[in-house]
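**Q** Data file structure_24.tsv (TSV, C-alpha atoms and all ligand atoms) is appended below.
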chain	number	residue	atom	x	y	z
A	1	MET	CA	32.30	-4.29	-11.90
A	2	LYS	CA	30.84	-0.89	-11.14
A	3	LEU	CA	27.20	-0.58	-10.18
A	4	ALA	CA	25.16	2.48	-11.16
A	5	ARG	CA	24.86	5.25	-8.58
A	6	ARG	CA	21.12	4.67	-8.30
A	7	VAL	CA	21.78	1.13	-7.10
A	8	GLU	CA	24.56	2.20	-4.75
A	9	ALA	CA	22.19	4.84	-3.35
A	10	LEU	CA	19.42	2.35	-2.58
A	11	PRO	CA	18.65	2.04	1.11
A	12	PRO	CA	18.18	-1.58	2.15
A	13	TYR	CA	14.52	-2.42	1.44
A	14	LEU	CA	12.84	-2.40	4.83
A	15	PHE	CA	11.27	-5.82	4.59
A	16	ALA	CA	14.41	-7.36	3.09
A	17	GLU	CA	16.32	-6.40	6.23
A	18	ILE	CA	13.62	-7.85	8.44
A	19	SER	CA	13.49	-11.03	6.35
A	20	LYS	CA	17.24	-11.45	6.81
A	21	LYS	CA	16.95	-11.08	10.58
A	22	ILE	CA	14.09	-13.58	10.67
A	23	ALA	CA	16.08	-16.07	8.58
A	24	ALA	CA	19.08	-15.75	10.91
A	25	LYS	CA	16.89	-16.33	13.99
A	26	ARG	CA	15.18	-19.32	12.38
A	27	ALA	CA	18.58	-20.78	11.53
A	28	GLU	CA	19.35	-20.56	15.28
A	29	GLY	CA	16.18	-22.58	15.89
A	30	VAL	CA	14.08	-19.68	17.23
A	31	ASP	CA	10.30	-20.05	16.76
A	32	ILE	CA	9.45	-16.74	15.09
A	33	VAL	CA	6.04	-15.06	15.36
A	34	THR	CA	5.85	-12.28	12.83
A	35	PHE	CA	3.59	-9.24	12.73
A	36	GLY	CA	5.80	-7.81	9.97
A	37	ILE	CA	4.46	-7.72	6.43
A	38	GLY	CA	0.84	-6.92	5.56
A	39	ASP	CA	0.27	-10.07	3.57
A	40	PRO	CA	-3.13	-11.77	4.09
A	41	ASP	CA	-2.69	-15.19	5.68
A	42	LEU	CA	-6.07	-16.44	4.46
A	43	PRO	CA	-6.19	-18.06	1.00
A	44	THR	CA	-7.50	-16.52	-2.22
A	45	PRO	CA	-11.27	-17.29	-2.42
A	46	LYS	CA	-12.12	-20.54	-4.22
A	47	ASN	CA	-14.16	-19.01	-7.04
A	48	ILE	CA	-11.12	-16.92	-7.99
A	49	LEU	CA	-8.81	-19.95	-7.92
A	50	ASP	CA	-11.32	-21.88	-10.04
A	51	ALA	CA	-11.08	-19.11	-12.65
A	52	LEU	CA	-7.30	-19.56	-12.70
A	53	HIS	CA	-7.52	-23.33	-13.14
A	54	LYS	CA	-9.94	-22.95	-16.05
A	55	ALA	CA	-7.91	-20.18	-17.71
A	56	ALA	CA	-4.66	-22.13	-17.33
A	57	ASP	CA	-6.06	-24.87	-19.59
A	58	GLU	CA	-6.85	-22.45	-22.42
A	59	PRO	CA	-3.94	-22.14	-24.90
A	60	VAL	CA	-4.91	-18.53	-25.70
A	61	ASN	CA	-3.68	-17.69	-22.20
A	62	HIS	CA	-0.27	-19.29	-22.78
A	63	ARG	CA	0.89	-16.52	-25.07
A	64	TYR	CA	2.10	-12.93	-24.55
A	65	PRO	CA	-0.62	-10.76	-23.02
A	66	GLU	CA	-1.24	-7.18	-24.22
A	67	SER	CA	0.41	-4.47	-22.10
A	68	GLU	CA	-2.90	-2.68	-21.59
A	69	GLY	CA	-4.61	-5.88	-20.37
A	70	LEU	CA	-7.71	-7.67	-21.61
A	71	PRO	CA	-10.55	-5.30	-22.56
A	72	GLU	CA	-12.79	-7.37	-20.22
A	73	LEU	CA	-10.38	-6.65	-17.37
A	74	ARG	CA	-10.32	-2.90	-17.98
A	75	LYS	CA	-14.12	-3.04	-18.04
A	76	ALA	CA	-14.11	-5.04	-14.78
A	77	ILE	CA	-11.93	-2.35	-13.18
A	78	THR	CA	-14.27	0.45	-14.21
A	79	ASP	CA	-17.36	-1.58	-13.22
A	80	TRP	CA	-15.78	-2.15	-9.81
A	81	TYR	CA	-15.15	1.58	-9.34
A	82	GLU	CA	-18.73	2.35	-10.38
A	83	ARG	CA	-20.12	-0.23	-7.96
A	84	ARG	CA	-17.84	0.63	-5.05
A	85	PHE	CA	-17.58	4.42	-5.31
A	86	GLY	CA	-20.29	5.46	-7.79
A	87	VAL	CA	-17.73	6.97	-10.18
A	88	SER	CA	-17.48	6.01	-13.84
A	89	PHE	CA	-14.39	5.78	-16.02
A	90	ASP	CA	-13.80	5.05	-19.68
A	91	PRO	CA	-12.28	1.53	-19.68
A	92	GLU	CA	-10.35	2.30	-22.87
A	93	LYS	CA	-8.63	5.44	-21.63
A	94	GLU	CA	-8.94	5.81	-17.88
A	95	ALA	CA	-8.04	2.36	-16.50
A	96	LEU	CA	-4.94	0.21	-16.70
A	97	PRO	CA	-4.11	-3.07	-14.94
A	98	LEU	CA	-0.71	-3.38	-13.26
A	99	ILE	CA	1.57	-6.22	-12.17
A	100	GLY	CA	0.61	-5.44	-8.59
A	101	SER	CA	0.16	-1.79	-7.73
A	102	LYS	CA	3.77	-1.58	-6.46
A	103	GLU	CA	5.00	-1.94	-10.03
A	104	GLY	CA	2.91	0.99	-11.29
A	105	ILE	CA	3.77	3.08	-8.23
A	106	ALA	CA	7.48	2.67	-8.95
A	107	HIS	CA	7.15	3.23	-12.70
A	108	ILE	CA	4.89	6.28	-12.69
A	109	ALA	CA	7.80	8.46	-11.57
A	110	LEU	CA	9.23	7.90	-15.06
A	111	CYS	CA	6.15	9.66	-16.46
A	112	PHE	CA	6.44	12.84	-14.39
A	113	ILE	CA	9.88	13.26	-12.96
A	114	ASP	CA	12.87	14.62	-14.85
A	115	PRO	CA	16.19	15.20	-13.11
A	116	GLY	CA	15.77	18.11	-10.68
A	117	ASP	CA	12.00	17.73	-10.39
A	118	VAL	CA	10.49	17.18	-6.98
A	119	ALA	CA	8.03	14.55	-5.73
A	120	LEU	CA	6.13	15.37	-2.54
A	121	VAL	CA	6.11	12.22	-0.44
A	122	PRO	CA	4.45	11.70	2.94
A	123	ASP	CA	6.66	11.01	5.96
A	124	PRO	CA	5.95	8.41	7.24
A	125	GLY	CA	4.96	6.60	4.05
A	126	TYR	CA	5.24	3.53	1.86
A	127	PRO	CA	8.92	3.51	0.79
A	128	VAL	CA	8.31	2.89	-2.94
A	129	TYR	CA	7.13	6.49	-3.57
A	130	GLU	CA	10.61	7.76	-2.76
A	131	ILE	CA	12.53	4.96	-4.48
A	132	GLY	CA	10.64	5.42	-7.76
A	133	THR	CA	11.43	9.14	-7.63
A	134	MET	CA	15.11	8.40	-7.07
A	135	PHE	CA	15.21	5.95	-10.01
A	136	ALA	CA	13.78	8.69	-12.23
A	137	GLY	CA	16.54	11.08	-11.13
A	138	GLY	CA	14.22	13.30	-9.10
A	139	GLU	CA	14.32	14.74	-5.61
A	140	THR	CA	11.97	13.79	-2.83
A	141	TYR	CA	10.56	16.41	-0.48
A	142	LYS	CA	9.20	14.78	2.64
A	143	VAL	CA	5.86	16.19	3.73
A	144	ASP	CA	5.48	15.86	7.48
A	145	CYS	CA	2.57	13.86	8.80
A	146	THR	CA	2.16	13.53	12.54
A	147	ARG	CA	-0.22	12.05	15.05
A	148	GLU	CA	-1.36	15.55	16.07
A	149	SER	CA	-2.73	16.20	12.57
A	150	GLY	CA	-4.25	12.73	12.21
A	151	TRP	CA	-1.30	11.80	9.94
A	152	LEU	CA	-2.62	14.18	7.27
A	153	PRO	CA	-0.18	16.55	5.52
A	154	ASP	CA	-0.49	20.32	5.78
A	155	LEU	CA	-0.14	21.16	2.08
A	156	GLU	CA	-0.14	24.91	2.71
A	157	ALA	CA	3.00	24.52	4.86
A	158	ILE	CA	5.11	23.25	1.93
A	159	PRO	CA	7.56	26.05	1.00
A	160	ALA	CA	6.73	27.92	-2.24
A	161	ASP	CA	10.12	27.17	-3.86
A	162	VAL	CA	9.53	23.43	-3.31
A	163	VAL	CA	6.00	23.64	-4.69
A	164	ALA	CA	7.37	25.39	-7.80
A	165	LYS	CA	9.55	22.37	-8.56
A	166	ALA	CA	6.99	19.76	-7.47
A	167	ARG	CA	5.43	17.59	-10.17
A	168	VAL	CA	3.56	15.04	-8.06
A	169	LEU	CA	2.02	14.68	-4.62
A	170	TRP	CA	1.71	11.18	-3.18
A	171	LEU	CA	-1.21	10.44	-0.84
A	172	ASN	CA	-2.26	7.14	0.74
A	173	TYR	CA	-5.45	6.72	2.84
A	174	PRO	CA	-6.26	4.36	4.48
A	175	ASN	CA	-2.59	4.67	5.30
A	176	ASN	CA	0.31	2.32	5.55
A	177	PRO	CA	1.93	2.38	8.11
A	178	THR	CA	-0.25	4.52	10.41
A	179	GLY	CA	-3.73	3.11	9.67
A	180	ALA	CA	-4.96	6.73	9.42
A	181	VAL	CA	-7.89	7.57	7.15
A	182	ALA	CA	-8.84	10.72	5.24
A	183	GLU	CA	-12.31	11.99	4.45
A	184	LEU	CA	-13.65	13.72	1.35
A	185	ASP	CA	-13.08	17.22	2.74
A	186	PHE	CA	-9.33	16.46	2.89
A	187	PHE	CA	-9.32	15.20	-0.71
A	188	GLU	CA	-11.32	18.28	-1.79
A	189	ARG	CA	-8.62	20.52	-0.33
A	190	ALA	CA	-5.88	18.41	-1.90
A	191	VAL	CA	-7.49	18.55	-5.36
A	192	ALA	CA	-7.96	22.34	-5.12
A	193	TRP	CA	-4.33	22.72	-3.96
A	194	ALA	CA	-3.06	20.52	-6.82
A	195	LYS	CA	-5.01	22.49	-9.42
A	196	LYS	CA	-3.78	25.80	-8.06
A	197	ASN	CA	-0.15	24.64	-8.06
A	198	ASP	CA	-0.19	22.47	-11.19
A	199	VAL	CA	0.90	19.35	-9.31
A	200	ALA	CA	-0.45	15.87	-10.17
A	201	ILE	CA	-1.93	13.79	-7.34
A	202	LEU	CA	-1.04	10.12	-7.10
A	203	HIS	CA	-3.41	8.54	-4.58
A	204	ASP	CA	-2.61	5.03	-3.40
A	205	ASN	CA	-5.76	3.27	-2.15
A	206	PRO	CA	-5.08	-0.49	-1.76
A	207	TYR	CA	-6.78	-0.68	1.66
A	208	CYS	CA	-10.09	0.85	0.59
A	209	ASP	CA	-11.95	-2.38	1.34
A	210	VAL	CA	-10.04	-3.38	4.46
A	211	ALA	CA	-12.08	-1.49	7.04
A	212	TYR	CA	-13.70	-2.02	10.41
A	213	ASP	CA	-16.74	-1.15	12.50
A	214	GLY	CA	-18.77	-0.41	9.35
A	215	TYR	CA	-16.39	2.34	8.19
A	216	ARG	CA	-16.28	2.90	4.38
A	217	PRO	CA	-13.06	4.47	3.02
A	218	VAL	CA	-13.48	6.92	0.13
A	219	SER	CA	-11.86	7.32	-3.29
A	220	ILE	CA	-10.31	10.62	-4.37
A	221	PHE	CA	-12.60	10.42	-7.41
A	222	GLN	CA	-15.63	11.08	-5.25
A	223	VAL	CA	-14.37	14.67	-5.36
A	224	PRO	CA	-15.74	16.45	-8.46
A	225	GLY	CA	-12.93	17.44	-10.83
A	226	ALA	CA	-10.36	15.07	-9.28
A	227	ARG	CA	-9.76	13.41	-12.62
A	228	ASP	CA	-8.37	16.67	-14.00
A	229	VAL	CA	-5.29	16.18	-11.82
A	230	ALA	CA	-5.23	12.70	-10.29
A	231	VAL	CA	-4.85	8.99	-10.70
A	232	GLU	CA	-5.59	6.39	-8.04
A	233	PHE	CA	-3.67	3.16	-7.60
A	234	ASN	CA	-5.58	0.19	-6.30
A	235	SER	CA	-5.06	-3.53	-5.99
A	236	TRP	CA	-6.68	-6.92	-5.68
A	237	SER	CA	-3.91	-7.89	-3.23
A	238	LYS	CA	-5.53	-6.97	0.05
A	239	ILE	CA	-9.18	-6.89	-1.00
A	240	TYR	CA	-9.28	-10.45	-2.37
A	241	ASN	CA	-6.21	-11.97	-0.68
A	242	MET	CA	-4.29	-12.02	-3.95
A	243	THR	CA	-0.87	-10.65	-3.00
A	244	GLY	CA	0.82	-13.72	-4.51
A	245	TRP	CA	-0.78	-13.31	-7.93
A	246	ARG	CA	0.48	-9.77	-8.56
A	247	ILE	CA	-2.35	-7.78	-10.01
A	248	GLY	CA	-3.33	-4.17	-9.39
A	249	MET	CA	-4.73	-1.21	-11.27
A	250	VAL	CA	-4.60	2.50	-11.86
A	251	VAL	CA	-7.57	4.67	-12.83
A	252	GLY	CA	-8.13	8.36	-13.47
A	253	ASN	CA	-6.78	11.12	-15.68
A	254	ALA	CA	-6.53	9.77	-19.23
A	255	THR	CA	-3.25	11.56	-20.06
A	256	MET	CA	-1.63	10.23	-16.90
A	257	VAL	CA	-2.92	6.67	-17.44
A	258	ASP	CA	-1.76	6.77	-21.07
A	259	ALA	CA	1.72	7.96	-20.03
A	260	LEU	CA	2.07	5.02	-17.64
A	261	MET	CA	0.82	2.63	-20.33
A	262	ARG	CA	3.46	3.95	-22.73
A	263	VAL	CA	6.26	3.56	-20.19
A	264	LYS	CA	5.12	0.08	-19.18
A	265	SER	CA	4.69	-1.17	-22.73
A	266	ASN	CA	8.43	-0.60	-23.14
A	267	ILE	CA	9.30	-2.46	-19.96
A	268	ASP	CA	6.91	-5.35	-19.33
A	269	SER	CA	4.59	-7.44	-21.45
A	270	GLY	CA	1.52	-7.26	-19.27
A	271	ILE	CA	-0.03	-9.59	-16.73
A	272	PRO	CA	-0.37	-13.35	-17.42
A	273	GLN	CA	-3.86	-13.67	-18.84
A	274	ALA	CA	-4.91	-16.47	-16.53
A	275	ILE	CA	-4.28	-14.07	-13.65
A	276	GLN	CA	-6.29	-11.38	-15.42
A	277	ARG	CA	-9.15	-13.90	-15.53
A	278	MET	CA	-8.84	-14.32	-11.76
A	279	ALA	CA	-9.21	-10.56	-11.31
A	280	ILE	CA	-12.30	-10.48	-13.54
A	281	GLU	CA	-13.85	-13.26	-11.45
A	282	ALA	CA	-12.92	-11.38	-8.28
A	283	VAL	CA	-14.91	-8.37	-9.46
A	284	TYR	CA	-18.04	-10.16	-10.70
A	285	GLY	CA	-18.09	-13.20	-8.38
A	286	PRO	CA	-19.39	-13.43	-4.79
A	287	GLN	CA	-18.15	-10.63	-2.52
A	288	ASP	CA	-18.86	-12.25	0.87
A	289	SER	CA	-15.18	-12.95	1.56
A	290	ILE	CA	-14.45	-9.23	1.99
A	291	GLN	CA	-16.71	-8.90	5.05
A	292	GLU	CA	-15.62	-12.29	6.37
A	293	HIS	CA	-11.95	-11.32	6.21
A	294	ASN	CA	-12.57	-7.89	7.71
A	295	ALA	CA	-14.40	-9.50	10.66
A	296	ILE	CA	-11.33	-11.68	11.30
A	297	TYR	CA	-8.94	-8.71	10.99
A	298	GLN	CA	-11.14	-6.63	13.26
A	299	ARG	CA	-11.06	-9.28	15.98
A	300	ARG	CA	-7.26	-9.48	15.66
A	301	ARG	CA	-6.94	-5.68	15.63
A	302	ASP	CA	-8.90	-5.50	18.88
A	303	ARG	CA	-6.72	-8.13	20.52
A	304	ILE	CA	-3.47	-6.43	19.43
A	305	VAL	CA	-4.68	-2.99	20.55
A	306	GLU	CA	-5.72	-4.43	23.92
A	307	VAL	CA	-2.34	-6.06	24.55
A	308	LEU	CA	-0.27	-3.12	23.31
A	309	ARG	CA	-2.15	-0.77	25.63
A	310	LYS	CA	-1.71	-3.23	28.48
A	311	VAL	CA	2.08	-3.17	28.00
A	312	GLY	CA	2.11	0.62	28.06
A	313	LEU	CA	2.11	1.64	24.37
A	314	GLU	CA	-0.24	4.31	23.01
A	315	VAL	CA	-2.48	3.19	20.19
A	316	ASP	CA	-5.24	4.89	18.20
A	317	THR	CA	-7.59	2.09	17.13
A	318	PRO	CA	-7.38	2.03	13.30
A	319	LYS	CA	-10.62	2.24	11.31
A	320	ALA	CA	-9.04	0.64	8.25
A	321	SER	CA	-5.85	-0.89	6.76
A	322	LEU	CA	-4.04	-4.03	7.90
A	323	TYR	CA	-1.99	-2.21	10.54
A	324	VAL	CA	-1.88	-1.26	14.18
A	325	TRP	CA	0.53	1.64	14.75
A	326	ALA	CA	1.76	2.01	18.31
A	327	LYS	CA	3.69	4.77	20.04
A	328	LEU	CA	6.65	3.66	22.14
A	329	PRO	CA	7.60	5.32	25.43
A	330	GLU	CA	9.67	8.53	25.01
A	331	GLY	CA	13.35	7.92	24.32
A	332	VAL	CA	12.96	4.40	22.92
A	333	THR	CA	13.90	4.06	19.24
A	334	SER	CA	11.80	1.84	17.04
A	335	ALA	CA	14.77	-0.16	15.70
A	336	ASP	CA	16.05	-0.78	19.22
A	337	TYR	CA	12.63	-1.87	20.47
A	338	ALA	CA	12.07	-4.19	17.50
A	339	ALA	CA	15.56	-5.72	17.82
A	340	ARG	CA	15.24	-6.26	21.57
A	341	LEU	CA	11.79	-7.79	21.10
A	342	ILE	CA	12.91	-10.28	18.47
A	343	ASP	CA	16.02	-11.21	20.43
A	344	ALA	CA	14.13	-11.74	23.68
A	345	THR	CA	10.92	-13.31	22.36
A	346	GLY	CA	11.17	-14.19	18.65
A	347	VAL	CA	8.32	-11.74	17.97
A	348	VAL	CA	8.76	-9.56	14.87
A	349	VAL	CA	7.28	-6.07	14.56
A	350	THR	CA	8.20	-3.41	12.02
A	351	PRO	CA	10.18	-0.38	13.27
A	352	GLY	CA	8.38	2.83	12.29
A	353	ARG	CA	11.65	4.56	11.39
A	354	GLY	CA	11.73	2.47	8.22
A	355	TYR	CA	8.83	4.58	6.92
A	356	GLY	CA	10.48	7.94	7.55
A	357	THR	CA	11.72	10.20	10.34
A	358	ASN	CA	8.18	10.80	11.61
A	359	GLY	CA	7.84	7.05	12.06
A	360	GLU	CA	10.55	7.12	14.71
A	361	GLY	CA	9.18	6.21	18.13
A	362	TYR	CA	6.49	3.94	16.62
A	363	ILE	CA	6.14	0.28	15.68
A	364	ARG	CA	3.74	-1.32	13.22
A	365	LEU	CA	1.98	-4.64	13.68
A	366	SER	CA	0.09	-6.33	10.86
A	367	VAL	CA	-3.22	-8.12	11.51
A	368	THR	CA	-2.40	-10.83	8.96
A	369	THR	CA	-0.88	-13.20	11.54
A	370	PRO	CA	-2.95	-16.42	11.94
A	371	ASP	CA	-5.04	-16.49	15.13
A	372	ASP	CA	-3.04	-19.12	17.03
A	373	ARG	CA	0.27	-17.43	16.20
A	374	LEU	CA	-1.16	-14.04	17.09
A	375	GLU	CA	-2.16	-15.35	20.52
A	376	GLU	CA	1.31	-16.84	20.98
A	377	GLY	CA	2.95	-13.56	19.98
A	378	MET	CA	0.73	-11.52	22.27
A	379	ARG	CA	1.44	-13.90	25.16
A	380	ARG	CA	5.19	-13.51	24.63
A	381	LEU	CA	4.97	-9.74	24.30
A	382	GLU	CA	2.98	-9.45	27.53
A	383	ALA	CA	5.41	-11.70	29.42
A	384	TRP	CA	8.41	-9.74	28.10
A	385	ALA	CA	7.01	-6.31	28.86
A	386	GLY	CA	6.14	-7.73	32.26
A	401	LIG	C1	0.46	1.63	0.65
A	401	LIG	C2	0.73	0.47	-0.25
A	401	LIG	N1	0.70	0.67	-1.57
A	401	LIG	C3	0.95	-0.33	-2.42
A	401	LIG	C4	1.24	-1.60	-1.98
A	401	LIG	C5	1.56	-2.67	-3.00
A	401	LIG	O1	0.56	-3.61	-3.14
A	401	LIG	P1	0.51	-4.58	-4.39
A	401	LIG	O2	1.74	-4.37	-5.20
A	401	LIG	O3	0.45	-5.95	-3.82
A	401	LIG	O4	-0.72	-4.21	-5.16
A	401	LIG	C6	1.29	-1.85	-0.61
A	401	LIG	C7	1.64	-3.19	-0.12
A	401	LIG	O5	1.81	-3.45	1.04
A	401	LIG	C8	1.02	-0.79	0.28
A	401	LIG	O6	1.05	-0.95	1.60
Will you turn the file into structure tokens for me?
**A**
Amino acid sequence: MKLARRVEALPPYLFAEISKKIAAKRAEGVDIVTFGIGDPDLPTPKNILDALHKAADEPVNHRYPESEGLPELRKAITDWYERRFGVSFDPEKEALPLIGSKEGIAHIALCFIDPGDVALVPDPGYPVYEIGTMFAGGETYKVDCTRESGWLPDLEAIPADVVAKARVLWLNYPNNPTGAVAELDFFERAVAWAKKNDVAILHDNPYCDVAYDGYRPVSIFQVPGARDVAVEFNSWSKIYNMTGWRIGMVVGNATMVDALMRVKSNIDSGIPQAIQRMAIEAVYGPQDSIQEHNAIYQRRRDRIVEVLRKVGLEVDTPKASLYVWAKLPEGVTSADYAARLIDATGVVVTPGRGYGTNGEGYIRLSVTTPDDRLEEGMRRLEAWAG
């Protein structure tokens, strides 16, 4: 049997490798404490689960859903954007639900990238931007983001011949893995740059409501004219603790949203309707859980930052996202540090190198570890680092 080149070319998915290592350690009887994946440990709020239970009993929800989602869900998405960011969209043309935002992020490359075309992808960044590009037969150009520039790309530094071939620019703030945030002036510059160079912007914003100390992340659509060139991916995963239910969304430029709808309608058959009903309830039901969860994450963030600094790592306290991003001492590679840590203590952190070359020398810790396990992990880390 011969596998396609695109499969042969796949790097091992970062979390799959970590999962394998964890499984091997567990099989040896090691008690693992993981700060790996950003997957909320707290349950989906009850009102949202109640909506699922009710919808599951209705036979209309047992049948194929429509690819474009329930009209009520598209309306809920646009109502949410209006409420959260003060921007309005046409629910018929400018909003589309996704089977988790990861699905849409991977598939949108098929809408823009032909063989030889270039996608501009941040380094470090969420790995799916590059993989989707590769599946579509395109080339990725890594745009450097570093601590010195607040993990923001310098768009003017991208060579002109690369820009000429570029079709899309990926952005993601609040950022995974760095926890960096971007303000409206950055998005204004990015929109102006995209218009000038005829490049579409794909902004990935799933952490917009995971923020601390009263900070309020922005949407690219708060920039006038952004919808001429951009879409924004978003998700119920992290906002409403719904990673397991797989539901996200994309909003923005009608031509871009329609292109993704056309691709998807040939690949999937939409989101189970009972889950769409959960998302509608999430939007219109009580919102208190967002602040409650953020207060818990903030307390955990503070504890992790405190311990990491104590053991000699450099950390910029993140204002948003589920992640603490820490700089290792010079000369220590992230994979080596993570491997030595898990072997010595059973504590799992994510090596920054998995997010790109600029992630080398950093590790990422998620704040979604339950409090008692977090304390245990921090105790072991402190004892190990001595
Ligand atoms: C930057 C970023 N984008 C997208 C996703 C995918 O989220 P989901 O598919 O659960 O909506 C994640 C998940 O961790 C992420 O970190």
**Q** Got a sec: who's within 10 Å of Lys75 (chain A), counting only C-alpha atoms, leaving out chain neighbours fewer than 6 positions off, as a PyMOL selection string?
**A** chain A and resi 81+89-92+95-96+280
**Q** For the atom pair CA of Gln287 (chain A) and CA of Tyr126 (chain A), what is the interatomic distance in Å to one decimal place?
**A**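 A separation of 27.7 Å between them.
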**Q** How would you write as a PyMOL selection string the residues that get within 12 Å of (6.7, -0.8, -10.1) in the file's frame, counting all atoms listed in the file?
**A** chain A and resi 98-110+127-133+135+233+246-250+260+263-264+267-268
**Q** Taking every listed atom of ligand LIG 401 (chain A) and adding 3 Å to each side, what centre and edge lengths in Å (one decimal) does the axis-aligned box have, as lines of an AutoDock Vina configuration file?
**A**
center_x = 0.5
center_y = -2.2
center_z = -1.8
size_x = 8.5
size_y = 13.6
size_z = 12.8
**Q** In file coordinates, which residues lie within 10 Å of (-14.8, 11.4, -3.9) using all atoms listed in the file, given as a VMD selection string?
**A** chain A and resid 85 to 87 183 to 185 187 to 188 217 to 226
**Q** Go ahead and dump the residues you just picked, C-alpha atoms, as a PDB file, keeping the file's coordinate frame.
**A**
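Contents of out11.pdb, as written:
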ATOM      1  CA  PHE A  85     -17.580   4.420  -5.310  1.00  0.00           C
ATOM      2  CA  GLY A  86     -20.290   5.460  -7.790  1.00  0.00           C
ATOM      3  CA  VAL A  87     -17.730   6.970 -10.180  1.00  0.00           C
ATOM      4  CA  GLU A 183     -12.310  11.990   4.450  1.00  0.00           C
ATOM      5  CA  LEU A 184     -13.650  13.720   1.350  1.00  0.00           C
ATOM      6  CA  ASP A 185     -13.080  17.220   2.740  1.00  0.00           C
ATOM      7  CA  PHE A 187      -9.320  15.200  -0.710  1.00  0.00           C
ATOM      8  CA  GLU A 188     -11.320  18.280  -1.790  1.00  0.00           C
ATOM      9  CA  PRO A 217     -13.060   4.470   3.020  1.00  0.00           C
ATOM     10  CA  VAL A 218     -13.480   6.920   0.130  1.00  0.00           C
ATOM     11  CA  SER A 219     -11.860   7.320  -3.290  1.00  0.00           C
ATOM     12  CA  ILE A 220     -10.310  10.620  -4.370  1.00  0.00           C
ATOM     13  CA  PHE A 221     -12.600  10.420  -7.410  1.00  0.00           C
ATOM     14  CA  GLN A 222     -15.630  11.080  -5.250  1.00  0.00           C
ATOM     15  CA  VAL A 223     -14.370  14.670  -5.360  1.00  0.00           C
ATOM     16  CA  PRO A 224     -15.740  16.450  -8.460  1.00  0.00           C
ATOM     17  CA  GLY A 225     -12.930  17.440 -10.830  1.00  0.00           C
ATOM     18  CA  ALA A 226     -10.360  15.070  -9.280  1.00  0.00           C
TER      19      ALA A 226
END
**Q** Could you tell me how far atom O1 of ligand LIG 401 (chain A) lies from CA of Asn234 (chain A), in Å and to one decimal?
**A**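 Value for the atom O1 of ligand LIG 401 (chain A)-CA of Asn234 (chain A) distance: 7.9 Å.
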**Q** Residues of region 142-222 of chain A that approach region 293-303 of chain A to 10 Å or less, counting only C-alpha atoms: could you list each one with the shortest pair of atoms and its distance in Å to one decimal, rows by chain and increasing residue number, as JSON lines?
**A**
{"residue": "A:Asp209", "atom": "CA", "partner": "A:Asn294", "partner_atom": "CA", "distance": 8.4}
{"residue": "A:Val210", "atom": "CA", "partner": "A:Asn294", "partner_atom": "CA", "distance": 6.1}
{"residue": "A:Ala211", "atom": "CA", "partner": "A:Asn294", "partner_atom": "CA", "distance": 6.5}
{"residue": "A:Tyr212", "atom": "CA", "partner": "A:Gln298", "partner_atom": "CA", "distance": 6.0}
{"residue": "A:Asp213", "atom": "CA", "partner": "A:Gln298", "partner_atom": "CA", "distance": 7.9}
{"residue": "A:Gly214", "atom": "CA", "partner": "A:Asn294", "partner_atom": "CA", "distance": 9.9}
**Q** Which is closer to Val162 (chain A) than all the others in A:Val305, A:Met278, A:Leu120, A:Ala320, using only C-alpha atoms?
**A**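 The answer is A:Leu120, which sits nearest to Val162 (chain A).
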**Q** CA of Asp154 (chain A) to CA of Gly361 (chain A): how many Å, to one decimal?
**A** 21.1 Å
**Q** Neighbouring residues of Thr146 (chain A) were defined as those with any atom within 10 Å, considering all atoms listed in the file; residues of the same chain fewer than 5 positions away were excluded. Please report them as a list in words.
**A**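 Skipping anything fewer than 5 positions along the chain leaves Asp123, Pro124, Trp151, Leu152, Pro153, Asp154, Thr178, Asn358 and Gly359 of chain A.
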**Q** From the set A:Pro206, A:Pro115, A:Gly69, A:Gly137, which residue has the shortest atom-to-atom contact distance to ligand LIG 401 (chain A), counting only C-alpha atoms and all ligand atoms?
**A** A:Pro206
**Q** Given all atoms listed in the file as the basis, pick out the residue of A:Thr357, A:Asn175, A:Thr345, A:Thr369 nearest to ligand LIG 401 (chain A).
**A**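 Closest to ligand LIG 401 (chain A) of all the choices is A:Asn175.
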**Q** With only C-alpha atoms as the atoms that count, which of A:Val348, A:Val257, A:Ala385, A:Ala279 lies nearest to Leu313 (chain A)?
**A**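 Once distances to Leu313 (chain A) are computed over only C-alpha atoms, the minimum belongs to A:Ala385.
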**Q** If we count all atoms listed in the file and set the cut-off at 10 Å, which residues sit around Asn241 (chain A), ignoring sequence neighbours fewer than 5 positions away in its own chain? Please answer as number ranges by chain.
**A** A: 39-45, 236, 289-290, 293
**Q** Could you pull the residues within 10 Å of Asp117 (chain A), counting only C-alpha atoms, minus those fewer than 2 positions along the same chain, as a PyMOL selection string?
**A** chain A and resi 112-115+119+133+136-140+162+164-168
